[in-house]
Each structure stands twice: as C-alpha cells, then as structure tokens.
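Asker: Before I ask anything, let me first share the structure, which is written out below as structure tokens.
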Amino acid sequence: MTRTPAEDRAHWERTADQLLLAVRPYATDGHALVDLPGVPSSSGTRSDGLEGFARTFLLAGFRLAGAAGADPHDLAGWYAAGLAAGTDPKNPERWPTFHECNQAKVEAASIALALHETRPWIWDRLDDTVRQHVLDWFAPMAGDAMPGNNWIWFQGVTEAFARTAQGEWRQQDLDRVIALTDGWYAGDGWYSDGLTGGEHRNFDHYNGWAMHLYPLWFCRILGDAAPSGLLDRYRARLRRFLEDQRLLVGANGSPLVQGRSLTYRHAALAPLWTGALFDATPLAPGETRAIANRMLDHFTGHGATDEAGLLTLGWHRPFRGILQVYSGPASPYWASKGFIGLALPPDHPVWTEEEVPLAVEQADFTRALAAPGWLVSGTAADGVVRVVNHGGDHADPARPHADDPCYARLAYSTHTAPETPGDPTAGVGACADADPLDNAVVLLDAAGRASHRRPATRVSLEGATAVSRSRAHWPLDATWDPFGGPTTRFTLGPWITVGSALRGSAEVRAVRVDPDPGDEPAEHVLRVGGWALAVDPQSASGATDGATARAAGVDGLVSVVVGAHQLPHASLVLGTDSNALGAASATPVVETDGPVAHGTAHIALIHLGGTDPTALPQVTTRAQGTTLLADVTWPDGVRDTIRLPAPDPVYDPWKDQRRA
C-alpha cells in the first residue's frame, strides 16, 4: 500500500484510535479494568483487567504526547477516571496490589511511563487524593527484590516516576537496576535478558521492547537527576543494536519469529522508534518509517485483530501454541510499544521524509552476530531473512532441559514459524515438544523418540560459519516454558556437534555424533529437519526423491533438504494446528540408513527461498587429527570450512544429573 508521509501519520493515528476505542465496551464502569474476552492468564482475571487498562493506557500516552494533548476521543478523561477507580483501595474496581499479584508490577511500569508522557493533560489535572492513591499503589515497588531479568526495569521506571512526583523510591534500587543491566550487556548493542547459569544465553525480542526501551525512558523521566553519562551510554548501545536489528525484518514486514511473547507482534518496533526519539539510531528517518509501516501493515493484513477490532492471542490468526502461561486476553496490547513513533511530532523527519527500501530489499547480505551467536542471511529476490542459531537458548548450561521450540531450534526466519505443538496455558504437559522436528538435529531412540538439544554450547563463530554442541537427552516430561520447564528425569545419550555455513538461501549443516565415555552401547538414527512451511491443508504440496525432500508453502516459499553425505532417506512430515502461520504445515527431513556412525561427518543442505535452488554448494569432508572438516564450495566460488572438533572426554557437566 502506497501512502504519502502525511497519510502515513494519519494512518498510524487512525489505527491507534481504532485499537483504543475497540476495548472500551469491555471496560468496567469506572474504566479501571478492561476485561477482554478469552482464556485468563495464570495471574487471573483481575490481573488481566489491569493489564487491559495499563497496556492500552500506554498507547493512549504516546497518542496524546505526539498530538500535544489534542484529544478528540477524550483519552485523558477516560484513563484519568480509570486511575482514580483502580487506585482507590475502597473501590470495587481496585487494582490488585503488588503483594497480591506479581504481574501488577509489570503493568505499573506502563502506567508510570504513560503518566510521564501525559503529565500536562492527566497527572497535573488529577486531584490530590487521586495522585496520592496512585503513589500509594506504586510505593511497595521501593525495596522490592525484583527477579534478575527485564523485570528490574519495571521497578526502575516506576520509581523514577515516583521520584519526580514526590513518591516512594530508593537510590539503592536504582543503582541495582543500572548495575545489573551493565552486567547483562553482551556487547555489540545486545543484552542478555538476565543471566542463566551465570552466562549470557537469553537473546530474543526483549532486547528491544524492554532492555533498550526502559533504560532510555528511565533517563528521560529522571531528566537532570539521571546519573552523569548514563543516557549517552544507553544511546550508544541502542545505536549499535539497531545496526543489527534493521537486518532482522523481512521484506514482508515480519520481524524474526523467535523467542517468547511473540503475541506482542509489532512491539518489535519499540527500539526503532526509541532510536529516533532519542537520536540513537544509525537508520535514515525514511528507513525507520519504512520498517514500521511494513510491519504494521503486515500484521494488519494478516488478521491480527478480530471482527470486534481486538488484538488476538497469536501471531497472524489466533494461535495459542506460541503463548506462555502469563499470556492473557490483554497481553497482545504490549503492541502499544510499536506505536512509540506517535510520540514524535508530525514535523519530525521520520514522518516527513520519503521511505527508503529495507536492508533485505537493497542487497543480499550475510552477517555473523557475535553476541547472540547467530549467522544471518538476507536475500533480496524473496525478501527472506534467516538466522542460524548457535548461541543462546534460554537454558541453564549446567542441566538438561526440554526444548522450547522458540529458543532451541537451529534456525529461525521472518517468513516461517517453528512447529509449536499444544497450548502452554492449558496446564502441565499440554505444550510438550515431544518430537523436535523442524530445524532440529536429533537422535531417534529405539521407540522413535527424538532427543532434545538444550542446552547447547557455542564452540565457534568464525566468518560465515558457526559450531555448537549439545548432549542428546530424552526427558521423561517434555513440557516446556520460557523459564526452563519442570524438573524431570532424563535419559542421557551421545554428544551431537553441529556446524553451519550460511550463504544466500542455503545452509550447509554438518553433524558429528560421539558417544560419551560413560554411555552404554545404544543405536540411534540421526534425523536432520529443515524449515517448516504453512501449506494448503487440502493439497499439501511436497515431494521426496531419494535423499531430497521438498515442501511448498502457501506463500510461494520452498523448503528443501538434501542429504548430501550419509543421510540417504528423505521424507515430508505433515502437521496440523502446530504452526503459527497456518492450520497445516509440512517439514522436510533426512535420516541415516540405520544407526548413526559415530565420529564421522553427516552433511545436509538446507534451503529456504522463493524458488527451488538453482545450484547448491559442493561439500567434501576430511579429518584433521580428531577434528572433522567439511569444505564448502559455493556456486559463486566462495569457500568456507566447517570444523567439528571431538568433544573433550574429560568434560561432563551433567555427571550428577538424574537419569530416567
């Protein structure tokens, strides 16, 4: 859809207004709770009602700020009434306290941020009693021992606002927030959302919609009271992060389908708009708006809202397989962060300059992102961005975990979604990754059960190649959640070392399997899965031919896996209601002919693109001492070498783990 810059601004304002007006019929009489229809979160319906108020109030805050208070829909009055009712301890619509509900701490930050942005039109006009009730509701945040992840910033932002309004705050809390954040900085603009096992392993969209957004707003709220140099430090980190993030949006407008809380959708725009707002971006203004327009139109065009105009729980269509236990009917309204651009005035360059093409539309690219341990490839012909993941997996390296499909897969893209079976909010065991399939390298036991990957240890990241290693394990309970899943017993198996070389639409995936010295003899089939595609459920298109499997998606994409060395059997695995992009899906896979040979190289060629591959790389294998080498020659003559070292026989971090 082509719009002029002025039409773009009007379109964003109109979209924001439609979202805000659509929730009003679901509000309580005093507007304190917005009770949207749907399955409640694990925090309960009252918490969900507070979430509905807070997250839409955040959108209203950006809308009012950028319009300099112009308010045709009485947003200020509507939300002021909700503030009065929600913070009055005697009102039947009162919000849950932090003691009653941890989730209330999350929503407090949205309320504090919105109050700051709308101070002249809401906070300054509240009567003294209401202001005191708001500060009293915020007060228990001071001194609270927040979890060691992005949650500390809910405390930081809330206390920063309270400080400016003569409420409760503690310097030691603010100092802790700053210190922990510095410890989580992984370099090159990337944060790990807290540490897992003392390591930087938690890489996902929270980098942008939490770890970069809140620190800068913390400084904005504190103003001259912010520590000297802190704003510049956060600005420099965001500027560097955006150099990478601009690469992680497909020409279709989709962000990378990886990590938790994906139902926040265009909240992925938060760091881009924040960069523009704080003069902390390397992007031209026209590129910032181009990415934002494309992403908003992507989700709007794929049914992110229902017939009542409400954001649904899912990605495109409603789909519970990508949700978490904390996801409730109002959770998607953190998409409000994708509207930060409305806080910029209409004459800002992002709203006046012409759009420029996205990075993936300008030229093909291949990058290695050292902090998260990702290889990235974008291809202009089809607009697809692919990430091969040999870095963080949101798992403690000291113990085995069941695989979370949104973290444990070897690859993610802007045009595909991982297979995510079940509903994580429906109870224990309901969302079990019992058969890691797409973009997974697994061993199948005698019963045909697939092994799990997490945790995976990065071995190397050099140029366009990366290597990681994990120990195959079979959990008794394969349930997953974003924080590690339940404690369960595991059967331990061999070590699996996987190396990748990425270029264009193709990945060369090299695998070696080595038994642990303590293993009992066992035979396993090695299976390598390719990209899962949403397909037509009436005529799932795909084919197998010897060692090659092919799937054709409803959007014209093609997924191909070729067993190039010691993987002679190919098949196509069909899925139903297991993929966020469609009701039916297909995943091509290749396998060994019988038990896998230990200590040798197995090679698969993995393709995702708009057409079948016109030429695939040539791969030869050789040994160099105990290291296996896969020499790759790409069709254009470029060469890479994947190095698969043997595991250290002394290294056994799980020797005390319980076996099934």
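Numbering starts fresh at 1 for the residues of each chain in the structure tokens, the chains themselves are lettered A, B, ... in the order given, and ligands are numbered from 1 as they appear.
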Could you pull the residues within 9 Å of A:Ser261, counting only C-alpha atoms, minus those fewer than 6 positions along the same chain, as JSON, numbers by chain?
Answerer: {"A": [205, 206, 322, 323, 324, 327, 331, 332]}
Asker: Can you tell me which residues surround A:Pro400 at a distance of at most 8 Å, considering only C-alpha atoms, apart from same-chain residues fewer than 4 positions away, and format the answer as a ChimeraX atom specification?
Answerer: /A:396,454-455,473,490,654
Asker: Could you pull out all residues of stretch 294-470 of chain A with a DSSP call of alpha helix (DSSP H) and give them as a ChimeraX atom specification?
Answerer: /A:294-301,349-352,359-362,405-408
Asker: Save out the residues we just selected, N, CA, C and O atoms, as a PDB file, in the first residue's frame.
Answerer:
```pdb
ATOM      1  N   ARG A 294       5.844  -1.193   7.137  1.00  0.00           N
ATOM      2  CA  ARG A 294       5.766  -2.548   6.607  1.00  0.00           C
ATOM      3  C   ARG A 294       5.306  -3.528   7.687  1.00  0.00           C
ATOM      4  O   ARG A 294       4.513  -4.429   7.436  1.00  0.00           O
ATOM      5  N   MET A 295       5.814  -3.349   8.915  1.00  0.00           N
ATOM      6  CA  MET A 295       5.459  -4.276   9.988  1.00  0.00           C
ATOM      7  C   MET A 295       4.003  -4.097  10.424  1.00  0.00           C
ATOM      8  O   MET A 295       3.283  -5.074  10.634  1.00  0.00           O
ATOM      9  N   LEU A 296       3.583  -2.850  10.563  1.00  0.00           N
ATOM     10  CA  LEU A 296       2.194  -2.610  10.932  1.00  0.00           C
ATOM     11  C   LEU A 296       1.249  -3.186   9.881  1.00  0.00           C
ATOM     12  O   LEU A 296       0.268  -3.871  10.212  1.00  0.00           O
ATOM     13  N   ASP A 297       1.533  -2.923   8.608  1.00  0.00           N
ATOM     14  CA  ASP A 297       0.683  -3.421   7.533  1.00  0.00           C
ATOM     15  C   ASP A 297       0.719  -4.947   7.457  1.00  0.00           C
ATOM     16  O   ASP A 297      -0.278  -5.588   7.100  1.00  0.00           O
ATOM     17  N   HIS A 298       1.872  -5.528   7.803  1.00  0.00           N
ATOM     18  CA  HIS A 298       1.984  -6.995   7.787  1.00  0.00           C
ATOM     19  C   HIS A 298       0.980  -7.623   8.739  1.00  0.00           C
ATOM     20  O   HIS A 298       0.224  -8.527   8.368  1.00  0.00           O
ATOM     21  N   PHE A 299       0.959  -7.144   9.973  1.00  0.00           N
ATOM     22  CA  PHE A 299       0.066  -7.755  10.952  1.00  0.00           C
ATOM     23  C   PHE A 299      -1.390  -7.369  10.701  1.00  0.00           C
ATOM     24  O   PHE A 299      -2.292  -8.198  10.854  1.00  0.00           O
ATOM     25  N   THR A 300      -1.620  -6.130  10.290  1.00  0.00           N
ATOM     26  CA  THR A 300      -2.984  -5.725   9.967  1.00  0.00           C
ATOM     27  C   THR A 300      -3.533  -6.561   8.814  1.00  0.00           C
ATOM     28  O   THR A 300      -4.684  -7.010   8.843  1.00  0.00           O
ATOM     29  N   GLY A 301      -2.688  -6.786   7.828  1.00  0.00           N
ATOM     30  CA  GLY A 301      -3.120  -7.534   6.658  1.00  0.00           C
ATOM     31  C   GLY A 301      -3.278  -9.018   6.877  1.00  0.00           C
ATOM     32  O   GLY A 301      -3.873  -9.715   6.046  1.00  0.00           O
ATOM     33  N   PRO A 349      11.455  14.277  11.096  1.00  0.00           N
ATOM     34  CA  PRO A 349      11.836  13.681   9.809  1.00  0.00           C
ATOM     35  C   PRO A 349      11.293  12.282   9.561  1.00  0.00           C
ATOM     36  O   PRO A 349      11.065  11.909   8.399  1.00  0.00           O
ATOM     37  N   VAL A 350      11.067  11.476  10.614  1.00  0.00           N
ATOM     38  CA  VAL A 350      10.527  10.136  10.339  1.00  0.00           C
ATOM     39  C   VAL A 350       9.120  10.210   9.766  1.00  0.00           C
ATOM     40  O   VAL A 350       8.661   9.258   9.124  1.00  0.00           O
ATOM     41  N   TRP A 351       8.445  11.338   9.982  1.00  0.00           N
ATOM     42  CA  TRP A 351       7.095  11.494   9.451  1.00  0.00           C
ATOM     43  C   TRP A 351       7.049  12.371   8.195  1.00  0.00           C
ATOM     44  O   TRP A 351       5.978  12.538   7.598  1.00  0.00           O
ATOM     45  N   THR A 352       8.184  12.926   7.790  1.00  0.00           N
ATOM     46  CA  THR A 352       8.163  13.821   6.627  1.00  0.00           C
ATOM     47  C   THR A 352       9.031  13.333   5.470  1.00  0.00           C
ATOM     48  O   THR A 352       8.738  13.647   4.308  1.00  0.00           O
ATOM     49  N   ALA A 359      16.660  -3.123   4.355  1.00  0.00           N
ATOM     50  CA  ALA A 359      18.000  -3.666   4.116  1.00  0.00           C
ATOM     51  C   ALA A 359      17.954  -4.896   3.218  1.00  0.00           C
ATOM     52  O   ALA A 359      18.763  -5.039   2.295  1.00  0.00           O
ATOM     53  N   VAL A 360      16.993  -5.794   3.453  1.00  0.00           N
ATOM     54  CA  VAL A 360      16.923  -7.026   2.670  1.00  0.00           C
ATOM     55  C   VAL A 360      16.460  -6.769   1.247  1.00  0.00           C
ATOM     56  O   VAL A 360      16.654  -7.619   0.362  1.00  0.00           O
ATOM     57  N   GLU A 361      15.882  -5.611   0.985  1.00  0.00           N
ATOM     58  CA  GLU A 361      15.472  -5.267  -0.377  1.00  0.00           C
ATOM     59  C   GLU A 361      16.603  -4.607  -1.159  1.00  0.00           C
ATOM     60  O   GLU A 361      16.583  -4.590  -2.392  1.00  0.00           O
ATOM     61  N   GLN A 362      17.578  -4.073  -0.443  1.00  0.00           N
ATOM     62  CA  GLN A 362      18.656  -3.350  -1.110  1.00  0.00           C
ATOM     63  C   GLN A 362      19.695  -4.288  -1.714  1.00  0.00           C
ATOM     64  O   GLN A 362      20.207  -4.036  -2.807  1.00  0.00           O
ATOM     65  N   PRO A 405      10.568 -24.727  21.489  1.00  0.00           N
ATOM     66  CA  PRO A 405      10.752 -24.538  20.041  1.00  0.00           C
ATOM     67  C   PRO A 405      11.150 -23.127  19.652  1.00  0.00           C
ATOM     68  O   PRO A 405      11.780 -22.937  18.608  1.00  0.00           O
ATOM     69  N   CYS A 406      10.798 -22.130  20.464  1.00  0.00           N
ATOM     70  CA  CYS A 406      11.106 -20.746  20.102  1.00  0.00           C
ATOM     71  C   CYS A 406      12.514 -20.326  20.503  1.00  0.00           C
ATOM     72  O   CYS A 406      12.914 -19.192  20.235  1.00  0.00           O
ATOM     73  N   TYR A 407      13.259 -21.223  21.143  1.00  0.00           N
ATOM     74  CA  TYR A 407      14.649 -20.927  21.506  1.00  0.00           C
ATOM     75  C   TYR A 407      15.640 -21.999  21.051  1.00  0.00           C
ATOM     76  O   TYR A 407      16.799 -21.702  20.795  1.00  0.00           O
ATOM     77  N   ALA A 408      15.203 -23.261  20.984  1.00  0.00           N
ATOM     78  CA  ALA A 408      16.147 -24.364  20.816  1.00  0.00           C
ATOM     79  C   ALA A 408      16.413 -24.737  19.375  1.00  0.00           C
ATOM     80  O   ALA A 408      17.320 -25.526  19.107  1.00  0.00           O
TER      81      ALA A 408
END
```
Asker: Among stretch 505-624 of chain A, which ones does DSSP assign to strand (DSSP E or B) (computed from the backbone)? Answer as a ChimeraX atom specification.
Answerer: /A:506-514,525-529,533-534,541-545,548-552,558-565,569-579,582-591,602-609,618-624
Asker: As a PyMOL selection string, please: the residues near stretch 113-116 of chain A (cut-off 8 Å, only C-alpha atoms, same-chain neighbours under 4 positions excluded).
Answerer: chain A and resi 57-62+109+122-123+157-158+161+217+221
Asker: Emit the selected residues as a short mmCIF file (atom, residue, chain, number, x, y, z; two decimals), in the first residue's frame, including N, CA and C atoms.
Answerer:
```cif
data_model
loop_
_atom_site.label_atom_id
_atom_site.label_comp_id
_atom_site.auth_asym_id
_atom_site.auth_seq_id
_atom_site.Cartn_x
_atom_site.Cartn_y
_atom_site.Cartn_z
N PHE A 57 -3.45 2.13 28.05
CA PHE A 57 -3.08 3.46 28.53
C PHE A 57 -1.73 3.87 27.95
N LEU A 58 -0.82 2.91 27.81
CA LEU A 58 0.48 3.21 27.22
C LEU A 58 0.29 3.72 25.79
N LEU A 59 -0.57 3.07 25.03
CA LEU A 59 -0.85 3.53 23.67
C LEU A 59 -1.48 4.92 23.69
N ALA A 60 -2.40 5.13 24.59
CA ALA A 60 -3.03 6.45 24.70
C ALA A 60 -1.99 7.51 25.06
N GLY A 61 -1.01 7.14 25.89
CA GLY A 61 0.04 8.09 26.26
C GLY A 61 0.84 8.56 25.07
N PHE A 62 1.26 7.63 24.22
CA PHE A 62 2.02 8.01 23.03
C PHE A 62 1.16 8.85 22.09
N ALA A 109 4.79 -0.27 35.35
CA ALA A 109 5.75 0.45 34.52
C ALA A 109 5.07 1.12 33.33
N ILE A 122 -2.97 14.77 32.18
CA ILE A 122 -3.58 13.82 33.11
C ILE A 122 -3.06 14.03 34.53
N TRP A 123 -1.79 13.76 34.76
CA TRP A 123 -1.26 13.82 36.13
C TRP A 123 -1.47 15.19 36.77
N VAL A 157 11.65 2.19 36.22
CA VAL A 157 10.80 3.21 35.61
C VAL A 157 9.74 3.70 36.60
N THR A 158 9.16 2.78 37.36
CA THR A 158 8.12 3.17 38.32
C THR A 158 8.69 4.07 39.41
N PHE A 161 9.53 7.60 38.09
CA PHE A 161 8.37 8.49 38.05
C PHE A 161 7.97 8.92 39.47
N TRP A 217 14.03 5.55 28.66
CA TRP A 217 12.92 6.28 29.27
C TRP A 217 13.17 6.58 30.75
N ILE A 221 12.69 10.26 32.13
CA ILE A 221 11.84 10.61 33.26
C ILE A 221 12.64 11.35 34.33
#
```
Asker: So, counting only C-alpha atoms, which residue among A:Leu628, A:Leu195, A:Leu75, A:Ala22 is closest to A:Leu180?
Answerer: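 With only C-alpha atoms as the atom set, the closest residue is A:Leu195.
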Asker: With distances taken over only C-alpha atoms, which of A:Arg3, A:Arg527, A:Arg125, A:His316 is nearest to A:Glu355?
Answerer: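 Smallest distance to A:Glu355 is found for A:Arg3.
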Asker: Considering only C-alpha atoms, state which residue in the set A:Gly197, A:Gly504, A:Val467, A:Glu287 is at the smallest distance from A:Arg399.
Answerer: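 The closest residue to A:Arg399 is A:Gly197.
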Asker: Which residues come within 10 Å of stretch 363-377 of chain A, counting only C-alpha atoms, excluding same-chain residues fewer than 5 positions away, as a PyMOL selection string?
Answerer: chain A and resi 185-192+200-204+244+247-248+357-358+383-393+410-413+458-468+500-507
Asker: Near A:Leu574, counting only C-alpha atoms, which residues have an atom at most 9 Å away, once you skip same-chain residues fewer than 6 positions from it, shown as a PDB file with all heavy atoms, in the first residue's frame?
Answerer:
```
ATOM      1  N   ALA A 540      -1.608 -30.472   0.343  1.00  0.00           N
ATOM      2  CA  ALA A 540      -0.245 -30.229   0.826  1.00  0.00           C
ATOM      3  C   ALA A 540       0.747 -30.604  -0.265  1.00  0.00           C
ATOM      4  O   ALA A 540       0.807 -31.744  -0.718  1.00  0.00           O
ATOM      5  CB  ALA A 540       0.012 -31.042   2.089  1.00  0.00           C
ATOM      6  N   ALA A 584      -2.197 -25.956   8.616  1.00  0.00           N
ATOM      7  CA  ALA A 584      -1.476 -27.147   8.177  1.00  0.00           C
ATOM      8  C   ALA A 584      -0.041 -26.754   7.856  1.00  0.00           C
ATOM      9  O   ALA A 584       0.236 -25.633   7.428  1.00  0.00           O
ATOM     10  CB  ALA A 584      -2.146 -27.770   6.956  1.00  0.00           C
ATOM     11  N   SER A 585       0.877 -27.678   8.081  1.00  0.00           N
ATOM     12  CA  SER A 585       2.294 -27.382   7.848  1.00  0.00           C
ATOM     13  C   SER A 585       2.996 -28.631   7.350  1.00  0.00           C
ATOM     14  O   SER A 585       2.496 -29.750   7.481  1.00  0.00           O
ATOM     15  CB  SER A 585       2.954 -26.868   9.133  1.00  0.00           C
ATOM     16  OG  SER A 585       2.760 -27.784  10.202  1.00  0.00           O
ATOM     17  N   ALA A 586       4.174 -28.421   6.776  1.00  0.00           N
ATOM     18  CA  ALA A 586       4.977 -29.530   6.268  1.00  0.00           C
ATOM     19  C   ALA A 586       6.449 -29.235   6.508  1.00  0.00           C
ATOM     20  O   ALA A 586       6.896 -28.100   6.319  1.00  0.00           O
ATOM     21  CB  ALA A 586       4.716 -29.749   4.782  1.00  0.00           C
ATOM     22  N   THR A 587       7.182 -30.264   6.930  1.00  0.00           N
ATOM     23  CA  THR A 587       8.610 -30.128   7.231  1.00  0.00           C
ATOM     24  C   THR A 587       9.380 -31.230   6.529  1.00  0.00           C
ATOM     25  O   THR A 587       9.144 -32.418   6.784  1.00  0.00           O
ATOM     26  CB  THR A 587       8.867 -30.235   8.743  1.00  0.00           C
ATOM     27  OG1 THR A 587       8.050 -29.300   9.437  1.00  0.00           O
ATOM     28  CG2 THR A 587      10.331 -29.982   9.056  1.00  0.00           C
ATOM     29  N   PRO A 588      10.317 -30.902   5.644  1.00  0.00           N
ATOM     30  CA  PRO A 588      11.161 -31.931   5.038  1.00  0.00           C
ATOM     31  C   PRO A 588      12.276 -32.359   5.986  1.00  0.00           C
ATOM     32  O   PRO A 588      12.841 -31.525   6.709  1.00  0.00           O
ATOM     33  CB  PRO A 588      11.727 -31.231   3.799  1.00  0.00           C
ATOM     34  CG  PRO A 588      11.716 -29.779   4.147  1.00  0.00           C
ATOM     35  CD  PRO A 588      10.571 -29.560   5.092  1.00  0.00           C
TER      36      PRO A 588
END
```
Asker: When you count only C-alpha atoms, which of these residues is closest to A:Val106: A:Asp136, A:Asp404, A:Asp71, A:Asp48?
Answerer: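 The shortest atom-to-atom distance to A:Val106 comes from A:Asp48.
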Asker: Restricting the calculation to only C-alpha atoms, which member of A:Asp435, A:Glu7, A:Asp193, A:Asp124 is positioned closest to A:Pro147?
Answerer: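 Among the listed residues, the smallest separation from A:Pro147 belongs to A:Asp193.
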Asker: Just checking: using only C-alpha atoms, which residue out of A:Gly303, A:Pro227, A:Gly167, A:Gly38 ends up closest to A:Leu135?
Answerer: A:Gly167
Asker: I want to know what sits within 9 Å of A:Gly542, based on only C-alpha atoms, with residues of the same chain fewer than 3 positions away left out; could you give that as a list in words?
Answerer: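 With the cut-off at 9 Å, the set is Ala549, Arg550, Ala551, Ala552, Gly553, Leu572, Ala586 and Pro588 of chain A.
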Asker: Save out the residues we just selected, all heavy atoms, as a PDB file, in the first residue's frame.
Answerer:
```
ATOM      1  N   ALA A 549      14.053 -33.955   0.111  1.00  0.00           N
ATOM      2  CA  ALA A 549      12.649 -33.717   0.456  1.00  0.00           C
ATOM      3  C   ALA A 549      12.338 -32.251   0.199  1.00  0.00           C
ATOM      4  O   ALA A 549      13.173 -31.371   0.444  1.00  0.00           O
ATOM      5  CB  ALA A 549      12.376 -34.074   1.907  1.00  0.00           C
ATOM      6  N   ARG A 550      11.116 -31.980  -0.278  1.00  0.00           N
ATOM      7  CA  ARG A 550      10.739 -30.627  -0.664  1.00  0.00           C
ATOM      8  C   ARG A 550       9.324 -30.337  -0.189  1.00  0.00           C
ATOM      9  O   ARG A 550       8.437 -31.178  -0.296  1.00  0.00           O
ATOM     10  CB  ARG A 550      10.806 -30.478  -2.179  1.00  0.00           C
ATOM     11  CG  ARG A 550      10.330 -29.144  -2.743  1.00  0.00           C
ATOM     12  CD  ARG A 550      10.312 -29.207  -4.265  1.00  0.00           C
ATOM     13  NE  ARG A 550       9.988 -27.918  -4.880  1.00  0.00           N
ATOM     14  CZ  ARG A 550       8.750 -27.495  -5.091  1.00  0.00           C
ATOM     15  NH1 ARG A 550       7.721 -28.250  -4.742  1.00  0.00           N
ATOM     16  NH2 ARG A 550       8.541 -26.324  -5.664  1.00  0.00           N
ATOM     17  N   ALA A 551       9.119 -29.138   0.370  1.00  0.00           N
ATOM     18  CA  ALA A 551       7.787 -28.672   0.732  1.00  0.00           C
ATOM     19  C   ALA A 551       7.536 -27.334   0.056  1.00  0.00           C
ATOM     20  O   ALA A 551       8.452 -26.509  -0.068  1.00  0.00           O
ATOM     21  CB  ALA A 551       7.649 -28.531   2.246  1.00  0.00           C
ATOM     22  N   ALA A 552       6.302 -27.099  -0.374  1.00  0.00           N
ATOM     23  CA  ALA A 552       5.916 -25.828  -0.989  1.00  0.00           C
ATOM     24  C   ALA A 552       4.873 -25.160  -0.107  1.00  0.00           C
ATOM     25  O   ALA A 552       3.852 -25.766   0.231  1.00  0.00           O
ATOM     26  CB  ALA A 552       5.352 -26.053  -2.387  1.00  0.00           C
ATOM     27  N   GLY A 553       5.124 -23.912   0.269  1.00  0.00           N
ATOM     28  CA  GLY A 553       4.241 -23.206   1.181  1.00  0.00           C
ATOM     29  C   GLY A 553       3.156 -22.432   0.464  1.00  0.00           C
ATOM     30  O   GLY A 553       3.221 -22.182  -0.745  1.00  0.00           O
ATOM     31  N   LEU A 572       8.670 -36.223   4.194  1.00  0.00           N
ATOM     32  CA  LEU A 572       7.969 -34.978   4.465  1.00  0.00           C
ATOM     33  C   LEU A 572       7.003 -35.245   5.615  1.00  0.00           C
ATOM     34  O   LEU A 572       6.156 -36.137   5.526  1.00  0.00           O
ATOM     35  CB  LEU A 572       7.203 -34.519   3.220  1.00  0.00           C
ATOM     36  CG  LEU A 572       6.700 -33.082   3.195  1.00  0.00           C
ATOM     37  CD1 LEU A 572       7.854 -32.099   3.173  1.00  0.00           C
ATOM     38  CD2 LEU A 572       5.796 -32.863   1.982  1.00  0.00           C
ATOM     39  N   ALA A 586       4.174 -28.421   6.776  1.00  0.00           N
ATOM     40  CA  ALA A 586       4.977 -29.530   6.268  1.00  0.00           C
ATOM     41  C   ALA A 586       6.449 -29.235   6.508  1.00  0.00           C
ATOM     42  O   ALA A 586       6.896 -28.100   6.319  1.00  0.00           O
ATOM     43  CB  ALA A 586       4.716 -29.749   4.782  1.00  0.00           C
ATOM     44  N   PRO A 588      10.317 -30.902   5.644  1.00  0.00           N
ATOM     45  CA  PRO A 588      11.161 -31.931   5.038  1.00  0.00           C
ATOM     46  C   PRO A 588      12.276 -32.359   5.986  1.00  0.00           C
ATOM     47  O   PRO A 588      12.841 -31.525   6.709  1.00  0.00           O
ATOM     48  CB  PRO A 588      11.727 -31.231   3.799  1.00  0.00           C
ATOM     49  CG  PRO A 588      11.716 -29.779   4.147  1.00  0.00           C
ATOM     50  CD  PRO A 588      10.571 -29.560   5.092  1.00  0.00           C
TER      51      PRO A 588
END
```
Asker: Using only C-alpha atoms, which protein or nucleic acid residues come within 10 Å of A:Cys101? Drop anything in the same chain fewer than 6 positions from it, and give the result as a list in words.
Answerer: Ser43, Gly44, Arg46, Ser47 and Trp95 of chain A
Asker: Between atom CA of A:Lys337 and atom CA of A:Trp209, measure the distance and give it in Å to one decimal.
Answerer: 7.1 Å
